[in-house]
Amino acid sequence: MFRDSGAVDQGRGVGKGGPLGFVRVRFAPSPTGYLHIGGVRTALFNWLFARREKGAFILRIEDTDQSRSTEEAICAIVEGLQWVGLDWDEGPLRQTDRMELYRQHALALFEQGLAYWCVCSAEELEARRKEAQAKGLQPGYDGRCRDRGIAKPSGDAALRFKAPRDGQTVIEDLIKGRVVFENSLLDDLIILRSNGYPTYNFSVVVDDALMGITHVVRGDDHLTNTPRQIPLFQALGFAIPRFGHLPMIMGADKTRLSKRHGATSVLAYREMGYLPDALVNYLVRLGWSHGDQEIFSLAELIDKFSFDHVQKSAAVFNPEKLLWMNAQYIKNGEQKRIAELLLPFLEQAGLGEAVKKAPTGWAERFVLALRERSQTLVEMATAAGTYLRDEIEIDQAAATKFLTQVIVPSLEKLTGRIEASSDFAVPALDQIFKQVLEEDGLKMGQLAQPVRVALTGRTASPGLFEVMELLGRERTLARLRKGIEQAKAGK
RNA sequence: GUCCCCAUCGUCUAGCCUGGCCUAGGACGCCGGCCUUUCAAGCCGGCAACACGGGUUCAAAUCCCGUUGGGGACGCCA
């Protein structure tokens, strides 16, 4: 399942090349569920930046929460990224494979007096936090173990970092610009839990440093983590990477995008018949722009992407625009590729066998006829039933309106002529049709609609001759005959 | 509660840094028209925004301050 990670030197030096040098970015999801659409956008911006700068994009799985991480989630992340075409140069690396590194670095901080053992229990801390909050005080850790000088805790103990108590931590954010935090507002965070596992804020720092990450680009929900991480980089003696905090994606009600707003799993979009390139194009425009341009090829995105034009404010996810985008990609995509992507959907619709039996090139002709009328592959596959099944249902209202007795003679004439013709190609059909119109003094619409209803059961369809071509000669004739029967029985 | 971020049509955004070219442009959606064998697609047109209040300036969507509103963070989650 995992691609070969290649030679990953875990002990690699820090920020090789430094600024202006080789760019190394990462996407670091925690495997606690499916791959979220917001995660994909974060990954995308990182990937685009890496590709543009000819740097490396690294996939790292942050699975230090053993109670919530699952293998399924890791598979979903990998599969989701692969589907949208975001390939990584290193990884997936898993933090649980690197536990020793975190422990070593944490203990090193302790040795240097930059961290201390805290024997306050989780319950006590929780109680104190609630109490402080009730009184309207700072909910953070009060630092009571900071100066106890516990050298070797007997029972459970967590290792805390001695965070700086004064001064400021300044971030020159790639997107938000300069952001300043007062160190006095930060408490001493736990870096090693009592179970020996590192906490997030510590493992990210160790990994980002050891992996030589030059630019940390993540959601802006992490902005307030940054002033806790920067002192850690410094304490550990690592170079500090650049940071960039992307705005969040929200639902229509301006709350954080969640299941309540519809599908948020990338793979759900695959199932709903979206093209990966359409989703990518939509997502990149959610927060990034290049003048008035809406549609971008991947090559263009790589060429044009820059953090300068990333929006600072959160964006509302608009499913309708995504649908439009998808329709654009279906309409303008390479016919053959669309046909290939459509195949699984046809199979799912129970039409797999029928397509195989259809004449060569049928699927591509079908795509050509339907692509301007379909917004998703699911829609397209659904429409295929009309052309691939022997029996169709004729819409009652359509039949009543168009399959009437007056049109029967013309329908019969048309059917007879088609049957008698050895040529079933579009020009020949066109010729036959026009002739019948002329002879019977009919206008196009007067005959076209009844024929359409007979052929497709509906009043809306692609051009008639395309429809006939898709149905094939035998099926076309059979449906015309059936239509005539129904017209005779009508009014 | 405290800290941080943000603020242009319903939504995504251009413009803001380097004030005048902005009568604020584009896109989705919506409405109307054209095209037309139907439905689409396409094309044309319409509705629709600088959150508010103060400054600065000859001039502010653009710069400054405040207010309001929205979002995020305050875990032995990530």
# chains A, B, ... in the order shown; residues from 1 in each chain; ligands from 1
call {"tool": "closest_atom_pairs", "arguments": {"of": "chain B", "to": "chain A", "cutoff": "7 Å", "atoms": "only C-alpha atoms (C1' of nucleotides)", "output": "CSV"}}
result
residue,atom,partner,partner_atom,distance
B:G1,C1',A:Gly136,CA,4.9
B:U2,C1',A:Gln138,CA,6.5
B:C4,C1',A:Thr224,CA,6.4
B:C6,C1',A:Ser313,CA,5.0
B:U11,C1',A:Asn318,CA,6.4
B:C12,C1',A:Leu286,CA,6.3
B:A14,C1',A:Gly291,CA,5.6
B:G26,C1',A:Asp292,CA,5.1
B:A27,C1',A:Glu294,CA,6.8
B:C28,C1',A:Lys321,CA,4.7
B:U37,C1',A:Gly445,CA,5.0
B:U38,C1',A:Ala460,CA,4.9
B:C39,C1',A:Ala460,CA,4.3
B:A40,C1',A:Arg373,CA,4.8
B:A41,C1',A:Glu372,CA,5.4
B:G72,C1',A:Asp221,CA,5.3
B:A73,C1',A:Thr224,CA,5.7
B:C74,C1',A:Pro139,CA,7.0
B:C76,C1',A:Arg193,CA,4.6
B:A78,C1',A:Tyr200,CA,6.1
call {"tool": "write_last_selection", "arguments": {"atoms": "N, CA, C and O atoms (P, O5', C5', C4', C3', O3' and C1' of nucleotides)", "output": "compact mmCIF listing (two decimals), in the first residue's frame"}}
result
# COMPACT_ATOMS: atom_id res chain seq x y z
P G B 1 -17.13 37.28 27.55
O5' G B 1 -15.83 37.08 28.46
C5' G B 1 -15.74 37.67 29.77
C4' G B 1 -14.49 37.12 30.41
C3' G B 1 -13.23 37.31 29.58
O3' G B 1 -12.65 38.57 29.85
C1' G B 1 -13.38 35.06 30.25
P U B 2 -11.95 39.44 28.69
O5' U B 2 -10.60 38.66 28.46
C5' U B 2 -9.56 38.72 29.45
C4' U B 2 -8.44 37.80 29.04
C3' U B 2 -7.93 38.01 27.63
O3' U B 2 -6.97 39.06 27.58
C1' U B 2 -8.31 35.70 27.97
P C B 4 -3.63 39.50 21.37
O5' C B 4 -3.75 38.46 20.18
C5' C B 4 -2.62 37.70 19.78
C4' C B 4 -3.04 36.71 18.73
C3' C B 4 -3.75 37.31 17.52
O3' C B 4 -2.84 37.87 16.60
C1' C B 4 -4.95 35.43 18.26
P C B 6 -5.23 39.23 10.25
O5' C B 6 -6.71 39.01 9.74
C5' C B 6 -6.97 38.07 8.69
C4' C B 6 -8.46 37.90 8.54
C3' C B 6 -9.22 39.13 8.11
O3' C B 6 -9.14 39.28 6.70
C1' C B 6 -10.37 38.05 9.87
P U B 11 -22.14 36.13 1.78
O5' U B 11 -21.68 34.91 0.88
C5' U B 11 -21.78 33.56 1.36
C4' U B 11 -21.20 32.63 0.33
C3' U B 11 -19.81 33.03 -0.15
O3' U B 11 -18.80 32.60 0.73
C1' U B 11 -21.17 32.57 -2.01
P C B 12 -17.42 33.40 0.81
O5' C B 12 -16.72 32.91 -0.54
C5' C B 12 -16.36 31.54 -0.73
C4' C B 12 -15.65 31.40 -2.04
C3' C B 12 -14.50 32.38 -2.22
O3' C B 12 -13.34 31.90 -1.58
C1' C B 12 -15.85 32.39 -4.17
P A B 14 -8.71 38.02 -3.95
O5' A B 14 -8.93 38.92 -5.24
C5' A B 14 -8.48 38.46 -6.51
C4' A B 14 -8.64 39.52 -7.56
C3' A B 14 -8.07 40.88 -7.19
O3' A B 14 -6.66 40.90 -7.37
C1' A B 14 -10.17 41.13 -8.26
P G B 26 -17.98 42.31 -14.78
O5' G B 26 -17.20 40.95 -14.52
C5' G B 26 -16.20 40.52 -15.45
C4' G B 26 -15.49 39.33 -14.88
C3' G B 26 -16.37 38.15 -14.51
O3' G B 26 -16.70 37.36 -15.64
C1' G B 26 -14.85 38.56 -12.76
P A B 27 -18.07 36.54 -15.66
O5' A B 27 -17.80 35.43 -14.55
C5' A B 27 -16.86 34.39 -14.79
C4' A B 27 -16.84 33.47 -13.61
C3' A B 27 -18.20 32.93 -13.18
O3' A B 27 -18.61 31.84 -13.98
C1' A B 27 -17.03 33.67 -11.28
P C B 28 -20.17 31.52 -14.15
O5' C B 28 -20.53 30.89 -12.74
C5' C B 28 -20.01 29.64 -12.35
C4' C B 28 -20.52 29.28 -10.98
C3' C B 28 -22.04 29.27 -10.84
O3' C B 28 -22.58 28.05 -11.30
C1' C B 28 -21.09 30.44 -9.03
P U B 37 -34.00 23.76 -35.32
O5' U B 37 -34.73 22.85 -34.27
C5' U B 37 -36.10 22.52 -34.44
C4' U B 37 -36.40 21.38 -33.50
C3' U B 37 -35.67 21.50 -32.19
O3' U B 37 -36.48 22.22 -31.27
C1' U B 37 -35.44 19.29 -33.09
P U B 38 -35.85 23.13 -30.18
O5' U B 38 -36.10 22.32 -28.83
C5' U B 38 -37.43 22.01 -28.41
C4' U B 38 -37.37 20.95 -27.35
C3' U B 38 -36.41 21.26 -26.22
O3' U B 38 -37.07 22.05 -25.24
C1' U B 38 -36.04 19.06 -26.98
P C B 39 -36.24 23.15 -24.45
O5' C B 39 -35.28 22.28 -23.54
C5' C B 39 -35.82 21.37 -22.57
C4' C B 39 -34.68 20.55 -22.00
C3' C B 39 -33.46 21.36 -21.60
O3' C B 39 -33.65 21.93 -20.33
C1' C B 39 -32.78 19.46 -22.83
P A B 40 -32.78 23.16 -19.84
O5' A B 40 -31.37 22.44 -19.61
C5' A B 40 -30.18 23.12 -19.85
C4' A B 40 -29.10 22.11 -20.11
C3' A B 40 -27.76 22.74 -20.45
O3' A B 40 -27.06 23.03 -19.27
C1' A B 40 -28.29 21.13 -22.08
P A B 41 -26.44 24.49 -19.07
O5' A B 41 -25.26 24.49 -20.16
C5' A B 41 -24.20 23.55 -20.07
C4' A B 41 -23.43 23.54 -21.36
C3' A B 41 -22.96 24.91 -21.83
O3' A B 41 -21.73 25.27 -21.22
C1' A B 41 -24.02 23.82 -23.61
P G B 72 -14.67 28.15 14.71
O5' G B 72 -13.13 28.31 15.08
C5' G B 72 -12.12 27.86 14.18
C4' G B 72 -10.78 28.32 14.68
C3' G B 72 -10.38 27.82 16.05
O3' G B 72 -9.90 26.49 15.99
C1' G B 72 -9.86 30.11 15.87
P A B 73 -10.10 25.56 17.27
O5' A B 73 -9.01 26.15 18.27
C5' A B 73 -7.63 26.11 17.91
C4' A B 73 -6.85 26.85 18.96
C3' A B 73 -7.07 26.39 20.38
O3' A B 73 -6.32 25.22 20.65
C1' A B 73 -7.12 28.75 20.29
P C B 74 -6.67 24.38 21.96
O5' C B 74 -6.15 25.42 23.05
C5' C B 74 -5.72 24.98 24.31
C4' C B 74 -5.57 26.20 25.17
C3' C B 74 -6.31 26.07 26.49
O3' C B 74 -5.50 25.36 27.42
C1' C B 74 -6.80 28.17 25.52
P C B 76 -3.11 18.73 29.47
O5' C B 76 -2.58 17.31 29.06
C5' C B 76 -1.52 17.19 28.17
C4' C B 76 -1.36 15.71 27.92
C3' C B 76 -2.70 14.99 27.80
O3' C B 76 -2.60 14.21 26.63
C1' C B 76 -1.33 14.03 29.53
P A B 78 -1.75 14.19 20.64
O5' A B 78 -2.13 14.66 19.17
C5' A B 78 -2.65 13.74 18.22
C4' A B 78 -3.14 14.53 17.02
C3' A B 78 -2.07 15.40 16.37
O3' A B 78 -1.34 14.66 15.41
C1' A B 78 -3.98 16.71 16.78
call {"tool": "residues_around", "arguments": {"residues": "segment 433-435 of chain A", "least_positions_apart": "6", "cutoff": "10 Å", "atoms": "only C-alpha atoms (C1' of nucleotides)", "output": "ChimeraX atom specification"}}
result
/A:410,413-415,417-418,427,441-444,447-448,465
call {"tool": "atom_distance", "arguments": {"atom1": "atom CA of Arg260 of chain A", "atom2": "atom CA of Ile37 of chain A"}}
result
13.6 Å
call {"tool": "atom_distance", "arguments": {"atom1": "atom CA of Ala398 of chain A", "atom2": "atom C1' of C34 of chain B"}}
result
26.6 Å
call {"tool": "closest_residue", "arguments": {"among": "A:Phe402, A:Phe27, A:Phe424, A:Phe49", "to": "Leu93 of chain A", "atoms": "only C-alpha atoms"}}
result
A:Phe27
call {"tool": "residues_around", "arguments": {"residues": "G15 of chain B", "least_positions_apart": "6", "cutoff": "10 Å", "atoms": "only C-alpha atoms (C1' of nucleotides)", "output": "PyMOL selection string"}}
result
(chain A and resi 291) or (chain B and resi 8+22+24-25+61-62)
call {"tool": "select_by_dssp", "arguments": {"residues": "segment 14-91 of chain A", "states": "helix (DSSP H, G or I)", "output": "PyMOL selection string"}}
result
chain A and resi 37-52+71-84
call {"tool": "residues_around", "arguments": {"residues": "C17 of chain B", "least_positions_apart": "5", "cutoff": "12 Å", "atoms": "only C-alpha atoms (C1' of nucleotides)", "output": "PyMOL selection string"}}
result
(chain A and resi 177+308) or (chain B and resi 62-63)
call {"tool": "write_last_selection", "arguments": {"atoms": "N, CA, C and O atoms (P, O5', C5', C4', C3', O3' and C1' of nucleotides)", "output": "mmCIF file, in the first residue's frame"}}
result
data_model
loop_
_atom_site.group_PDB
_atom_site.id
_atom_site.type_symbol
_atom_site.label_atom_id
_atom_site.label_comp_id
_atom_site.auth_asym_id
_atom_site.auth_seq_id
_atom_site.Cartn_x
_atom_site.Cartn_y
_atom_site.Cartn_z
ATOM 1 N N GLY A 177 1.060 37.571 7.811
ATOM 2 C CA GLY A 177 1.959 38.676 8.103
ATOM 3 C C GLY A 177 2.490 38.557 9.526
ATOM 4 O O GLY A 177 2.519 37.469 10.097
ATOM 5 N N ASP A 308 1.410 34.748 -1.723
ATOM 6 C CA ASP A 308 1.041 36.166 -1.772
ATOM 7 C C ASP A 308 -0.434 36.356 -2.064
ATOM 8 O O ASP A 308 -1.038 37.344 -1.686
ATOM 9 P P U B 62 -10.770 52.214 2.988
ATOM 10 O "O5'" U B 62 -9.913 50.994 2.457
ATOM 11 C "C5'" U B 62 -8.609 50.748 2.916
ATOM 12 C "C4'" U B 62 -7.735 50.405 1.738
ATOM 13 C "C3'" U B 62 -6.384 51.115 1.782
ATOM 14 O "O3'" U B 62 -5.343 50.155 1.873
ATOM 15 C "C1'" U B 62 -7.399 51.284 -0.369
ATOM 16 P P C B 63 -5.021 49.573 3.337
ATOM 17 O "O5'" C B 63 -4.389 50.856 4.037
ATOM 18 C "C5'" C B 63 -3.021 51.173 3.848
ATOM 19 C "C4'" C B 63 -2.656 52.328 4.748
ATOM 20 C "C3'" C B 63 -3.250 52.256 6.149
ATOM 21 O "O3'" C B 63 -2.472 51.433 7.002
ATOM 22 C "C1'" C B 63 -3.626 54.401 5.260
#
call {"tool": "select_by_dssp", "arguments": {"residues": "segment 198-444 of chain A", "states": "strand (DSSP E)", "output": "list of chain:residue names"}}
result
A:His215, A:Val216, A:Val217, A:Arg218, A:Gly219, A:Arg242, A:Phe243, A:Gly244, A:His245, A:Leu246, A:Ile249, A:Met250, A:Ala315, A:Val316
call {"tool": "atom_distance", "arguments": {"atom1": "atom C1' of C35 of chain B", "atom2": "atom CA of Gln431 of chain A"}}
result
22.8 Å
call {"tool": "residues_around", "arguments": {"residues": "segment 52-56 of chain A", "least_positions_apart": "4", "cutoff": "10 Å", "atoms": "only C-alpha atoms (C1' of nucleotides)", "output": "number ranges by chain"}}
result
A: 20-26, 46-48, 88-90, 213-214, 299, 301-306
call {"tool": "residues_around", "arguments": {"residues": "Asp173 of chain A", "least_positions_apart": "4", "cutoff": "6 Å", "atoms": "only C-alpha atoms (C1' of nucleotides)", "output": "PyMOL selection string"}}
result
chain A and resi 177-178+243-244
call {"tool": "residues_around", "arguments": {"residues": "Gly416 of chain A", "least_positions_apart": "3", "cutoff": "12 Å", "atoms": "only C-alpha atoms (C1' of nucleotides)", "output": "list in words"}}
result
Pro409, Ser410, Leu411, Glu412, Lys413, Glu419, Ala420, Ser421, Ser422, Ile432, Phe433, Val436, Thr476, Leu477, Ala478, Leu480, Arg481 and Ile484 of chain A
